[in-house]
$ cat entry-v7.cif   # mmCIF, C-alpha atoms and all ligand atoms
data_data
#
loop_
_atom_site.label_atom_id
_atom_site.label_comp_id
_atom_site.auth_asym_id
_atom_site.auth_seq_id
_atom_site.Cartn_x
_atom_site.Cartn_y
_atom_site.Cartn_z
CA MET I 1 14.81 -17.93 14.41
CA HIS I 2 12.27 -15.87 12.53
CA GLU I 3 13.51 -17.58 9.39
CA TYR I 4 10.99 -20.33 10.14
CA SER I 5 8.05 -17.98 10.21
CA LEU I 6 9.25 -16.39 6.98
CA VAL I 7 9.56 -19.80 5.33
CA GLU I 8 6.06 -20.59 6.51
CA ALA I 9 4.76 -17.40 4.87
CA LEU I 10 6.66 -18.34 1.70
CA VAL I 11 5.25 -21.87 1.51
CA THR I 12 1.72 -20.63 2.24
CA ARG I 13 2.05 -18.13 -0.60
CA VAL I 14 3.34 -20.80 -2.99
CA GLU I 15 0.49 -23.12 -2.05
CA ALA I 16 -2.07 -20.39 -2.71
CA GLU I 17 -0.56 -19.62 -6.11
CA ALA I 18 -0.43 -23.31 -7.05
CA LYS I 19 -4.04 -23.76 -6.08
CA LYS I 20 -5.11 -20.70 -8.01
CA ARG I 21 -3.47 -22.09 -11.14
CA ASP I 22 -4.48 -25.73 -10.56
CA ALA I 23 -0.81 -26.66 -10.62
CA ILE I 24 0.09 -30.34 -10.52
CA ALA I 25 3.51 -29.65 -9.08
CA VAL I 26 5.97 -26.93 -8.21
CA HIS I 27 9.47 -27.30 -9.68
CA LYS I 28 11.50 -24.32 -8.56
CA LEU I 29 11.36 -21.25 -6.33
CA SER I 30 13.49 -18.15 -6.50
CA VAL I 31 13.86 -15.68 -3.69
CA ARG I 32 15.99 -12.55 -3.38
CA VAL I 33 17.50 -11.71 0.00
CA GLY I 34 18.64 -8.15 0.59
CA GLU I 35 21.66 -7.75 2.84
CA LEU I 36 19.60 -5.53 5.18
CA SER I 37 16.46 -7.67 5.04
CA GLY I 38 17.27 -9.10 8.45
CA VAL I 39 17.39 -12.59 6.98
CA ASP I 40 20.37 -14.88 7.11
CA PRO I 41 20.38 -16.70 3.73
CA GLU I 42 21.93 -19.88 5.17
CA LEU I 43 19.41 -20.05 8.00
CA PHE I 44 16.62 -19.36 5.55
CA GLN I 45 17.76 -22.20 3.28
CA THR I 46 18.06 -24.60 6.24
CA ALA I 47 14.67 -23.56 7.57
CA TYR I 48 13.19 -24.11 4.12
CA GLU I 49 14.69 -27.58 3.77
CA THR I 50 13.21 -28.58 7.13
CA PHE I 51 9.86 -26.94 6.67
CA ARG I 52 9.08 -28.01 3.08
CA ALA I 53 8.57 -31.68 4.03
CA GLY I 54 4.93 -32.63 3.65
CA THR I 55 4.07 -29.45 1.73
CA ILE I 56 3.74 -28.78 -1.98
CA CYS I 57 7.37 -27.63 -1.80
CA ALA I 58 8.72 -31.02 -0.68
CA GLY I 59 11.82 -31.70 -2.79
CA VAL I 60 11.51 -28.36 -4.59
CA PRO I 61 14.81 -26.49 -4.89
CA LEU I 62 15.00 -22.92 -3.66
CA THR I 63 17.39 -20.52 -5.37
CA LEU I 64 18.47 -17.68 -3.13
CA THR I 65 20.00 -14.60 -4.70
CA ARG I 66 21.83 -12.24 -2.37
CA VAL I 67 21.52 -8.53 -2.96
CA ALA I 68 24.25 -6.37 -1.44
CA ALA I 69 23.04 -3.28 0.40
CA SER I 70 23.91 0.04 -1.17
CA TRP I 71 23.08 3.67 -0.49
CA SER I 72 22.89 6.64 -2.77
CA CYS I 73 21.77 10.24 -2.81
CA PRO I 74 18.06 10.63 -3.54
CA ARG I 75 18.75 14.04 -5.10
CA CYS I 76 21.82 13.69 -7.30
CA ARG I 77 22.17 9.89 -7.35
CA THR I 78 25.79 9.95 -6.19
CA PRO I 79 26.57 6.58 -4.59
CA ILE I 80 27.60 6.55 -0.94
CA ALA I 81 30.57 4.31 -0.15
CA ARG I 82 30.04 1.22 1.97
CA GLY I 83 30.51 1.95 5.64
CA ALA I 84 30.61 5.72 5.14
CA ILE I 85 28.52 8.36 6.90
CA LEU I 86 25.13 8.20 5.18
CA ARG I 87 25.18 11.65 3.59
CA CYS I 88 25.76 12.46 -0.04
CA PRO I 89 29.47 13.24 -0.58
CA ALA I 90 28.45 15.72 -3.31
CA CYS I 91 25.44 17.60 -1.89
CA ASP I 92 25.16 16.45 1.75
CA THR I 93 21.57 15.16 1.42
CA PRO I 94 20.79 12.20 3.74
CA GLY I 95 21.24 8.97 1.79
CA LYS I 96 18.58 6.55 0.69
CA LEU I 97 18.80 2.77 0.60
CA ASP I 98 18.75 1.44 -2.97
CA ASP I 99 15.94 -0.89 -4.06
CA GLY I 100 16.25 -4.46 -2.94
CA SER I 101 18.82 -3.71 -0.22
CA ASP I 102 16.38 -4.46 2.59
CA ALA I 103 13.82 -6.62 0.80
CA LEU I 104 13.00 -10.30 1.01
CA THR I 105 11.21 -11.03 -2.24
CA LEU I 106 9.57 -14.07 -3.78
CA ASP I 107 10.65 -13.51 -7.37
CA GLY I 108 9.08 -16.46 -9.11
CA ILE I 109 7.75 -19.99 -9.04
CA GLU I 110 8.11 -22.56 -11.77
CA MET I 111 4.97 -24.70 -11.85
CA GLU I 112 3.66 -27.60 -13.81
CA VAL I 113 0.13 -26.99 -14.96
CA PRO I 114 -2.30 -29.13 -16.96
CA MET G 1 -4.26 -32.55 -20.19
CA CYS G 2 -7.31 -34.70 -19.73
CA THR G 3 -8.78 -33.96 -16.34
CA THR G 4 -10.46 -37.35 -15.99
CA CYS G 5 -7.40 -39.56 -15.76
CA GLY G 6 -4.40 -37.28 -15.99
CA CYS G 7 -3.10 -38.43 -19.38
CA GLY G 8 -1.58 -36.03 -21.88
CA ASP G 9 0.98 -33.28 -21.69
CA THR G 10 1.53 -30.85 -18.90
CA GLU G 11 3.21 -27.52 -19.20
CA LEU G 12 5.97 -25.85 -17.19
CA VAL G 13 5.17 -22.21 -16.54
CA PRO G 14 7.36 -19.64 -14.85
CA VAL G 15 5.19 -17.45 -12.63
CA GLU G 16 6.76 -14.07 -11.97
CA LEU G 17 5.65 -12.62 -8.65
CA HIS G 18 8.26 -10.16 -7.29
CA GLU G 19 6.29 -10.05 -4.09
CA LYS G 20 7.50 -9.34 -0.58
CA ILE G 21 7.39 -12.45 1.57
CA LEU G 22 6.19 -10.25 4.42
CA ALA G 23 3.33 -8.85 2.31
CA GLY G 24 0.78 -10.48 4.63
CA ASN G 25 2.29 -8.82 7.69
CA ASP G 26 2.49 -5.50 5.86
CA ARG G 27 -1.24 -5.70 5.09
CA ALA G 28 -2.07 -6.41 8.74
CA ALA G 29 0.18 -3.52 9.77
CA ARG G 30 -1.62 -1.12 7.42
CA HIS G 31 -4.86 -2.20 9.00
CA ASN G 32 -3.51 -1.46 12.50
CA ARG G 33 -2.15 1.88 11.31
CA GLU G 34 -5.58 2.91 9.99
CA HIS G 35 -7.12 2.04 13.35
CA PHE G 36 -4.51 4.09 15.24
CA LEU G 37 -4.96 7.08 12.96
CA GLU G 38 -8.74 6.88 13.02
CA ALA G 39 -8.68 6.77 16.85
CA ARG G 40 -6.00 9.49 16.95
CA VAL G 41 -3.63 7.34 18.94
CA LEU G 42 0.13 7.74 18.54
CA ALA G 43 1.53 4.21 18.42
CA LEU G 44 5.20 3.55 19.08
CA ASN G 45 7.18 0.36 18.60
CA LEU G 46 9.85 0.12 21.30
CA MET G 47 12.66 -2.27 20.48
CA GLY G 48 16.05 -3.17 21.94
CA SER G 49 18.08 -5.91 23.62
CA PRO G 50 16.76 -7.70 26.67
CA GLY G 51 17.62 -5.52 29.64
CA ALA G 52 18.29 -2.38 27.61
CA GLY G 53 15.80 -0.50 29.79
CA LYS G 54 12.65 -0.49 27.63
CA THR G 55 10.27 -1.04 30.52
CA ALA G 56 12.18 1.34 32.79
CA VAL G 57 12.06 4.15 30.26
CA LEU G 58 8.29 3.70 29.99
CA GLU G 59 7.95 3.77 33.76
CA ALA G 60 9.84 7.07 33.75
CA THR G 61 7.72 8.32 30.84
CA ALA G 62 4.59 7.86 32.97
CA LYS G 63 5.77 10.62 35.31
CA ALA G 64 6.75 13.00 32.53
CA ALA G 65 3.52 12.38 30.62
CA ALA G 66 1.31 13.01 33.64
CA ALA G 67 2.42 16.64 33.59
CA LYS G 68 1.26 16.86 29.97
CA GLY G 69 -2.07 15.22 30.73
CA TRP G 70 -1.36 12.44 28.23
CA ARG G 71 -3.10 9.13 28.66
CA LEU G 72 -0.63 6.34 28.04
CA GLY G 73 -1.20 2.68 27.33
CA ALA G 74 1.14 -0.21 26.63
CA VAL G 75 1.32 -3.77 25.52
CA SER G 76 4.45 -5.69 26.44
CA ALA G 77 5.74 -8.71 24.62
CA ASP G 78 6.97 -11.28 27.03
CA LEU G 79 8.04 -14.83 26.36
CA ALA G 80 6.44 -16.31 29.43
CA THR G 81 5.56 -13.83 32.15
CA ASP G 82 3.56 -10.64 32.51
CA ASN G 83 6.14 -8.96 34.74
CA ASP G 84 6.67 -5.97 32.46
CA ALA G 85 2.94 -5.32 32.08
CA ARG G 86 2.60 -5.46 35.86
CA ARG G 87 5.50 -3.04 36.33
CA LEU G 88 3.92 -0.60 33.88
CA GLN G 89 0.51 -0.97 35.45
CA LYS G 90 2.08 -0.12 38.79
CA ALA G 91 3.69 2.95 37.26
CA GLY G 92 0.22 4.09 36.21
CA ILE G 93 0.21 2.95 32.57
CA PRO G 94 -2.73 0.67 31.69
CA SER G 95 -0.93 -2.35 30.28
CA LYS G 96 -1.30 -5.83 29.04
CA ALA G 97 1.13 -8.63 28.27
CA ILE G 98 1.33 -10.24 24.86
CA THR G 99 2.65 -13.68 25.61
CA THR G 100 4.75 -14.67 22.64
CA GLY G 101 5.92 -18.11 23.74
CA GLN G 102 8.82 -19.05 21.47
CA ALA G 103 8.38 -16.15 19.05
CA CYS G 104 11.35 -13.83 18.97
CA HIS G 105 9.40 -10.83 17.64
CA LEU G 106 5.94 -9.32 17.50
CA ASP G 107 4.04 -9.27 14.25
CA ALA G 108 1.14 -7.09 13.17
CA GLU G 109 -1.46 -9.78 13.71
CA LEU G 110 -0.34 -10.38 17.32
CA VAL G 111 -0.61 -6.67 17.98
CA HIS G 112 -3.98 -6.51 16.30
CA ARG G 113 -5.35 -9.29 18.47
CA SER G 114 -4.02 -7.59 21.60
CA LEU G 115 -6.09 -4.52 20.72
CA HIS G 116 -9.34 -6.47 20.86
CA ASP G 117 -9.52 -6.59 24.62
CA PHE G 118 -7.50 -3.56 25.59
CA PRO G 119 -8.86 0.01 25.87
CA TRP G 120 -6.24 1.40 23.49
CA ARG G 121 -8.72 3.90 22.05
CA ASP G 122 -8.74 5.72 25.37
CA THR G 123 -5.04 6.48 25.08
CA ASP G 124 -3.16 9.34 23.47
CA MET G 125 0.03 7.34 23.23
CA PHE G 126 0.21 3.62 22.89
CA PHE G 127 3.54 1.90 23.41
CA ILE G 128 4.28 -1.53 22.05
CA GLU G 129 7.23 -2.99 23.96
CA ASN G 130 8.64 -5.53 21.54
CA VAL G 131 10.49 -8.76 22.37
CA GLY G 132 14.01 -8.06 23.64
CA ASN G 133 15.98 -8.82 20.48
CA LEU G 134 18.13 -6.64 18.21
CA VAL G 135 17.57 -8.73 15.11
CA CYS G 136 14.17 -9.62 13.74
CA PRO G 137 11.61 -7.31 15.42
CA ALA G 138 12.90 -4.62 13.04
CA ILE G 139 11.56 -6.35 9.93
CA TYR G 140 7.95 -6.64 11.12
CA ASP G 141 5.89 -3.51 10.65
CA LEU G 142 3.28 -3.34 13.40
CA GLY G 143 1.38 -0.26 12.24
CA GLN G 144 3.33 2.09 14.52
CA ALA G 145 3.88 5.76 13.79
CA ALA G 146 7.56 5.41 14.69
CA ASN G 147 10.21 2.94 15.77
CA VAL G 148 12.16 3.76 18.90
CA VAL G 149 15.27 1.70 19.57
CA VAL G 150 16.43 1.59 23.16
CA LEU G 151 20.19 1.15 23.49
CA SER G 152 21.88 1.22 26.88
CA VAL G 153 25.32 2.70 27.51
CA THR G 154 26.53 -0.67 28.80
CA GLU G 155 26.01 -2.47 25.50
CA GLY G 156 29.08 -1.23 23.62
CA GLU G 157 29.54 1.57 21.12
CA ASP G 158 29.59 -0.69 18.08
CA LYS G 159 26.09 -2.13 18.49
CA PRO G 160 24.64 0.00 15.65
CA LEU G 161 27.28 -1.34 13.26
CA LYS G 162 26.65 -4.92 14.38
CA TYR G 163 22.87 -4.63 14.07
CA PRO G 164 22.40 -2.30 11.09
CA VAL G 165 18.94 -3.65 10.24
CA MET G 166 17.59 -2.60 13.62
CA PHE G 167 19.21 0.83 13.69
CA ASN G 168 18.35 1.48 10.07
CA ALA G 169 14.69 0.98 11.01
CA ALA G 170 14.91 3.37 13.96
CA ASP G 171 13.30 6.79 13.86
CA LEU G 172 14.84 7.55 17.23
CA VAL G 173 17.47 5.95 19.44
CA LEU G 174 17.03 6.37 23.16
CA LEU G 175 20.41 5.97 24.81
CA THR G 176 19.48 4.71 28.26
CA LYS G 177 21.19 4.34 31.63
CA CYS G 178 23.22 7.51 31.04
CA ASP G 179 23.54 7.86 34.82
CA LEU G 180 26.11 5.05 34.52
CA VAL G 181 28.36 6.90 32.03
CA PRO G 182 30.78 8.21 34.73
CA HIS G 183 31.41 4.63 35.82
CA LEU G 184 32.12 3.28 32.34
CA ASP G 185 34.65 3.76 29.54
CA VAL G 186 31.94 4.38 27.00
CA GLU G 187 32.54 7.20 24.48
CA LEU G 188 29.26 8.69 23.34
CA ALA G 189 30.92 10.24 20.27
CA LYS G 190 31.64 6.72 19.02
CA ILE G 191 27.96 5.83 19.29
CA HIS G 192 27.01 8.95 17.34
CA ASP G 193 29.52 8.06 14.65
CA ALA G 194 28.27 4.48 14.37
CA LEU G 195 24.67 5.65 14.11
CA ALA G 196 25.54 8.06 11.29
CA ARG G 197 26.77 5.05 9.28
CA VAL G 198 23.53 3.08 9.60
CA MET G 199 20.85 5.77 9.96
CA PRO G 200 20.52 8.40 7.23
CA ARG G 201 18.90 10.80 9.71
CA PRO G 202 20.49 9.83 13.00
CA ARG G 203 18.57 11.01 16.02
CA MET G 204 19.56 10.06 19.54
CA ILE G 205 18.39 11.26 22.94
CA GLU G 206 20.44 10.51 26.06
CA VAL G 207 18.25 9.51 28.98
CA SER G 208 18.28 7.91 32.38
CA ALA G 209 15.20 6.29 33.84
CA ARG G 210 16.98 6.41 37.18
CA THR G 211 17.65 10.17 37.35
CA GLY G 212 15.09 11.45 34.85
CA GLN G 213 17.84 12.93 32.68
CA GLY G 214 16.66 13.59 29.12
CA MET G 215 13.03 12.78 29.78
CA ASP G 216 12.02 16.31 28.79
CA ALA G 217 13.75 15.91 25.41
CA TRP G 218 12.05 12.54 24.89
CA VAL G 219 8.65 13.99 25.74
CA ALA G 220 9.32 16.90 23.38
CA TRP G 221 10.21 14.43 20.62
CA LEU G 222 6.93 12.56 21.20
CA GLU G 223 4.99 15.80 21.12
CA GLU G 224 6.66 16.91 17.90
CA LEU G 225 5.91 13.56 16.28
CA ARG G 226 2.30 13.71 17.39
CA ASP G 227 1.83 17.22 16.02
CA GLY G 228 3.70 16.29 12.85
CA ILE G 229 1.16 13.65 11.92
CA GLY G 230 -1.74 15.82 12.96
CA LEU G 231 -2.78 13.98 16.11
CA GLY G 232 -2.08 16.85 18.46
CA GLY G 233 -5.00 19.22 18.01
CA ALA G 234 -7.84 19.74 20.45
CA ASP G 235 -10.67 18.84 18.06
CA ALA G 236 -9.93 15.19 18.32
CA HIS G 237 -13.25 13.78 17.28
CA ALA G 238 -14.51 15.17 14.03
CA HIS G 239 -13.34 13.31 11.01
CA GLY G 240 -14.41 10.77 8.46
CA HIS G 241 -12.43 7.78 7.44
CA GLU G 242 -12.86 4.97 4.95
CA HIS G 243 -11.61 1.64 6.09
CA SER G 244 -12.21 -1.90 5.05
CA HIS G 245 -11.42 -5.10 6.89
CA ALA G 246 -10.41 -8.34 5.32
CA HIS G 247 -9.56 -10.40 8.31
CA SER G 248 -11.51 -13.34 9.51
CA HIS G 249 -11.66 -13.24 13.26
CA GLU G 250 -14.04 -11.74 15.75
CA HIS G 251 -13.54 -8.05 16.11
CA ALA G 252 -14.99 -5.68 18.63
CA HIS G 253 -14.73 -1.94 18.41
CA GLY G 254 -14.85 -1.32 22.14
CA ASP G 255 -16.11 2.10 22.92
CA GLU G 256 -15.44 4.46 20.07
CA ARG G 257 -16.40 7.97 20.93
CA HIS G 258 -16.28 9.50 17.51
CA SER G 259 -18.07 9.21 14.25
CA HIS G 260 -16.28 7.37 11.51
CA ALA G 261 -16.88 6.00 8.09
CA HIS G 262 -15.91 2.43 8.44
CA SER G 263 -16.85 -0.45 6.22
CA HIS G 264 -16.28 -4.04 7.10
CA ASP G 265 -16.17 -7.07 4.92
CA GLY G 266 -15.74 -10.68 5.76
CA HIS G 267 -15.47 -10.72 9.51
CA GLU G 268 -17.65 -10.95 12.54
CA HIS G 269 -18.10 -7.65 14.20
CA GLU G 270 -19.66 -6.39 17.32
CA HIS G 271 -19.73 -3.00 18.91
CA GLY G 272 -19.02 -2.62 22.60
CA SER G 273 -20.79 0.20 24.35
CA ALA G 274 -23.10 1.26 21.59
CA ASP G 275 -23.94 4.62 23.10
CA HIS G 276 -20.48 5.97 22.44
CA HIS G 277 -20.38 4.80 18.88
CA GLY G 278 -21.14 7.66 16.59
CA HIS G 279 -22.23 6.11 13.31
CA ALA G 280 -25.53 7.97 13.46
CA ARG G 281 -23.61 11.20 13.10
CA GLY G 282 -22.81 10.42 9.54
CA GLY G 283 -20.18 7.69 9.37
CA LYS G 284 -20.76 5.26 6.57
CA HIS G 285 -20.81 1.81 8.03
CA ASP G 286 -21.67 -1.42 6.27
CA HIS G 287 -21.85 -4.78 7.88
CA ASP G 288 -22.51 -7.79 5.71
N1 LIG I 301 21.34 2.60 36.39
C1 LIG I 301 20.27 2.43 35.63
N2 LIG I 301 19.73 1.20 35.50
C2 LIG I 301 18.64 1.06 34.70
C3 LIG I 301 18.08 2.15 34.00
N3 LIG I 301 17.05 1.71 33.28
C4 LIG I 301 16.94 0.38 33.52
N4 LIG I 301 17.91 -0.02 34.39
C5 LIG I 301 18.10 -1.37 34.91
O1 LIG I 301 18.31 -2.26 33.82
C6 LIG I 301 17.65 -3.50 34.06
C7 LIG I 301 16.74 -3.85 32.92
O2 LIG I 301 15.73 -2.88 32.76
P1 LIG I 301 14.35 -3.19 32.06
O3 LIG I 301 13.57 -1.93 32.03
O4 LIG I 301 13.69 -4.36 32.67
O5 LIG I 301 14.84 -3.57 30.58
P2 LIG I 301 14.03 -4.19 29.35
O6 LIG I 301 14.28 -5.66 29.33
O7 LIG I 301 14.63 -3.54 28.13
O8 LIG I 301 12.57 -3.85 29.52
C8 LIG I 301 16.92 -3.34 35.39
O9 LIG I 301 17.70 -3.94 36.38
C9 LIG I 301 16.84 -1.86 35.57
O10 LIG I 301 16.82 -1.47 36.91
C10 LIG I 301 18.69 3.45 34.17
O11 LIG I 301 18.28 4.46 33.60
N5 LIG I 301 19.78 3.52 34.98
MG MG I 302 10.89 -5.09 29.48
ZN ZN I 303 23.57 14.38 -3.65
ZN ZN I 304 -7.49 -39.18 -20.12
ZN ZN I 305 11.77 -13.13 15.34
ZN ZN I 306 -10.11 -3.51 12.20
ZN ZN I 307 -9.78 -7.31 14.45
ZN ZN I 308 -17.68 -0.12 13.55
#
$ encode --input "entry-v7.cif" --output "structure tokens" --more "lines below"
Ligand SMILES: Nc1nc2c(ncn2[C@@H]2O[C@H](COP(=O)(O)OP(=O)(O)O)[C@@H](O)[C@H]2O)c(=O)[nH]1
Ligand SMILES: [Mg+2]
Ligand SMILES: [Zn+2]
Ligand SMILES: [Zn+2]
Ligand SMILES: [Zn+2]
Ligand SMILES: [Zn+2]
Ligand SMILES: [Zn+2]
Ligand SMILES: [Zn+2]
Amino acid sequence: MHEYSLVEALVTRVEAEAKKRDAIAVHKLSVRVGELSGVDPELFQTAYETFRAGTICAGVPLTLTRVAASWSCPRCRTPIARGAILRCPACDTPGKLDDGSDALTLDGIEMEVP
Amino acid sequence: MCTTCGCGDTELVPVELHEKILAGNDRAARHNREHFLEARVLALNLMGSPGAGKTAVLEATAKAAAAKGWRLGAVSADLATDNDARRLQKAGIPSKAITTGQACHLDAELVHRSLHDFPWRDTDMFFIENVGNLVCPAIYDLGQAANVVVLSVTEGEDKPLKYPVMFNAADLVLLTKCDLVPHLDVELAKIHDALARVMPRPRMIEVSARTGQGMDAWVAWLEELRDGIGLGGADAHAHGHEHSHAHSHEHAHGDERHSHAHSHDGHEHEHGSADHHGHARGGKHDHD
């Protein structure tokens, strides 16, 4: 259940940002979860709802956006079909994972500031 | 808003960050990586299911490495015991347990702390045996030069497809327990095919810790990796390196035997056996 340690890192980051900006409250968080990020979105959401109690994120909704994994050719950009051998169907170059496919990203925080 | 009593209007601001949640771990991993490079140590992150044969393959590596004159070292993640570290020690690899308690993976900070009281600088190759788990260890960079995923022939050919995150992170797959293949229905071609669908540059070496099969290919792979990142040469101790620390715990440099440019900020710092430490030979070194 590494989702808990990830949520902890998330909340710590939000607290630091809120402090930096003298925020009175946090209203919304948005996070993007890549399909190959190693994070189960449901577990992450559940972990967040448990962990946020007593922090600046208590009661703050978290919007998770799932990003499907996709591969393409780094040379000629030809997409590689899902589940296929990871080589470019056009030029045989080894494929490359597209941006976001394996990332877990804190996109933004909506804060209330004085 | 008035800061005295809180009256007046507040403002809602959207703060765009687009920042990796693991950014903190990635920073700590970069720090470890700089240390490994500066000390010319090849660090490897060994991952795989519990029982896949991670410790056994290291035990077998001890024999193969002795012929090369390599000095090995290892830290082993273990939930509660130090059995693996003791096994490795017995096989001739200086080792230490990292007790992880409930944690299901190692992170860069845990590895960093394990370096403080382990003579990792005296090794040529430093193995980090991760927690037995095919899921989350893959997402934590530790500062290693390469990820090696240990998969045993008894685990089923579809494991790479079921755990794509792990196999996608692998630089090499060691297929272990190959001595058992004649007793099983496993089809190695199916494993190759599955790997090609999750690894853009699939690389697999078939080994057996029991019979020693494939150990020469594994050692050759290690050697190639080491030469590839320039850690192989004989003149191991003449280089300069800029490095800054931003962590806030006690930090000892043990016995460095080379001169390095190394600047520290914001943490306590002590040098072990000062005689070996070569700052006088020209390394820039600030302590504040
Ligand atoms: N037949 C056979 N058994 C092995 C081999 N490598 C490991 N094992 C057995 O597999 C079990 C788990 O090995 P271990 O190294 O502790 O796995 P780890 O949990 O991944 O470190 C032990 O009972 C080993 O004896 C091998 O190459 N051949
Ligand atoms: Mg083990
Ligand atoms: Zn192409
Ligand atoms: Zn007022
Ligand atoms: Zn974990
Ligand atoms: Zn350091
Ligand atoms: Zn340190
Ligand atoms: Zn120093």
$ interface_residues --input "entry-v7.cif" --of "chain G" --to "chain I" --cutoff "7 Å" --atoms "all atoms listed in the file" --output "PyMOL selection string"
chain G and resi 1+10-21+104+135-136+139+165+196-201
$ residues_around --input "entry-v7.cif" --residues "Leu44 (chain G)" --least-positions-apart "2" --cutoff "8 Å" --atoms "all atoms listed in the file" --output "VMD selection string"
chain G and resid 42 46 125 to 128 144 to 148
$ atom_distance --input "entry-v7.cif" --atom1 "CA of Gln102 (chain G)" --atom2 "CA of Asn25 (chain G)"
18.4 Å
$ residues_near_ligand --input "entry-v7.cif" --ligand "ligand LIG 301 (chain I)" --cutoff "6 Å" --atoms "all atoms listed in the file" --output "PyMOL selection string"
chain G and resi 50-56+176-177+179-180+208-210
$ closest_atom_pairs --input "entry-v7.cif" --of "chain G" --to "ligand MG 302 (chain I)" --cutoff "12 Å" --atoms "all atoms listed in the file" --output "CSV"
residue,atom,partner,partner_atom,distance
G:Leu46,CA,I:MG302,MG,9.8
G:Met47,CA,I:MG302,MG,9.6
G:Gly48,CA,I:MG302,MG,9.3
G:Ser49,CA,I:MG302,MG,9.3
G:Pro50,CA,I:MG302,MG,7.0
G:Gly51,CA,I:MG302,MG,6.7
G:Ala52,CA,I:MG302,MG,8.1
G:Gly53,CA,I:MG302,MG,6.7
G:Lys54,CA,I:MG302,MG,5.3
G:Thr55,CA,I:MG302,MG,4.2
G:Ala56,CA,I:MG302,MG,7.3
G:Val57,CA,I:MG302,MG,9.3
G:Leu58,CA,I:MG302,MG,9.2
G:Glu59,CA,I:MG302,MG,10.3
G:Ala74,CA,I:MG302,MG,11.3
G:Val75,CA,I:MG302,MG,10.4
G:Ser76,CA,I:MG302,MG,7.1
G:Ala77,CA,I:MG302,MG,8.0
G:Asp78,CA,I:MG302,MG,7.7
G:Leu79,CA,I:MG302,MG,10.6
G:Thr81,CA,I:MG302,MG,10.6
G:Asp82,CA,I:MG302,MG,9.7
G:Asn83,CA,I:MG302,MG,8.1
G:Asp84,CA,I:MG302,MG,5.2
G:Ala85,CA,I:MG302,MG,8.4
G:Arg86,CA,I:MG302,MG,10.5
G:Arg87,CA,I:MG302,MG,9.0
G:Leu88,CA,I:MG302,MG,9.4
G:Ala97,CA,I:MG302,MG,10.5
G:Ile98,CA,I:MG302,MG,11.8
G:Phe127,CA,I:MG302,MG,11.8
G:Ile128,CA,I:MG302,MG,10.6
G:Glu129,CA,I:MG302,MG,6.9
G:Asn130,CA,I:MG302,MG,8.3
G:Val131,CA,I:MG302,MG,8.0
G:Gly132,CA,I:MG302,MG,7.3
G:Asn133,CA,I:MG302,MG,11.0
G:Val150,CA,I:MG302,MG,10.7
$ decode --input "entry-v7.cif" --residues "region 3-20 of chain I" --atoms "C-alpha atoms" --output "PDB file, in the first residue's frame"
ATOM      1  CA  GLU I   3      -0.536   4.773  -1.987  1.00  0.00           C
ATOM      2  CA  TYR I   4      -0.385   5.989   1.620  1.00  0.00           C
ATOM      3  CA  SER I   5       3.184   7.171   1.346  1.00  0.00           C
ATOM      4  CA  LEU I   6       2.347   8.902  -1.929  1.00  0.00           C
ATOM      5  CA  VAL I   7      -0.638  10.629  -0.343  1.00  0.00           C
ATOM      6  CA  GLU I   8       1.607  11.717   2.498  1.00  0.00           C
ATOM      7  CA  ALA I   9       4.046  13.260   0.008  1.00  0.00           C
ATOM      8  CA  LEU I  10       1.104  14.965  -1.714  1.00  0.00           C
ATOM      9  CA  VAL I  11      -0.322  16.466   1.468  1.00  0.00           C
ATOM     10  CA  THR I  12       3.126  17.611   2.617  1.00  0.00           C
ATOM     11  CA  ARG I  13       3.621  19.356  -0.722  1.00  0.00           C
ATOM     12  CA  VAL I  14       0.208  21.036  -0.507  1.00  0.00           C
ATOM     13  CA  GLU I  15       0.920  22.207   3.032  1.00  0.00           C
ATOM     14  CA  ALA I  16       4.235  23.710   1.955  1.00  0.00           C
ATOM     15  CA  GLU I  17       2.608  25.541  -0.953  1.00  0.00           C
ATOM     16  CA  ALA I  18      -0.214  26.830   1.258  1.00  0.00           C
ATOM     17  CA  LYS I  19       2.261  28.098   3.805  1.00  0.00           C
ATOM     18  CA  LYS I  20       4.362  29.781   1.160  1.00  0.00           C
TER      19      LYS I  20
END
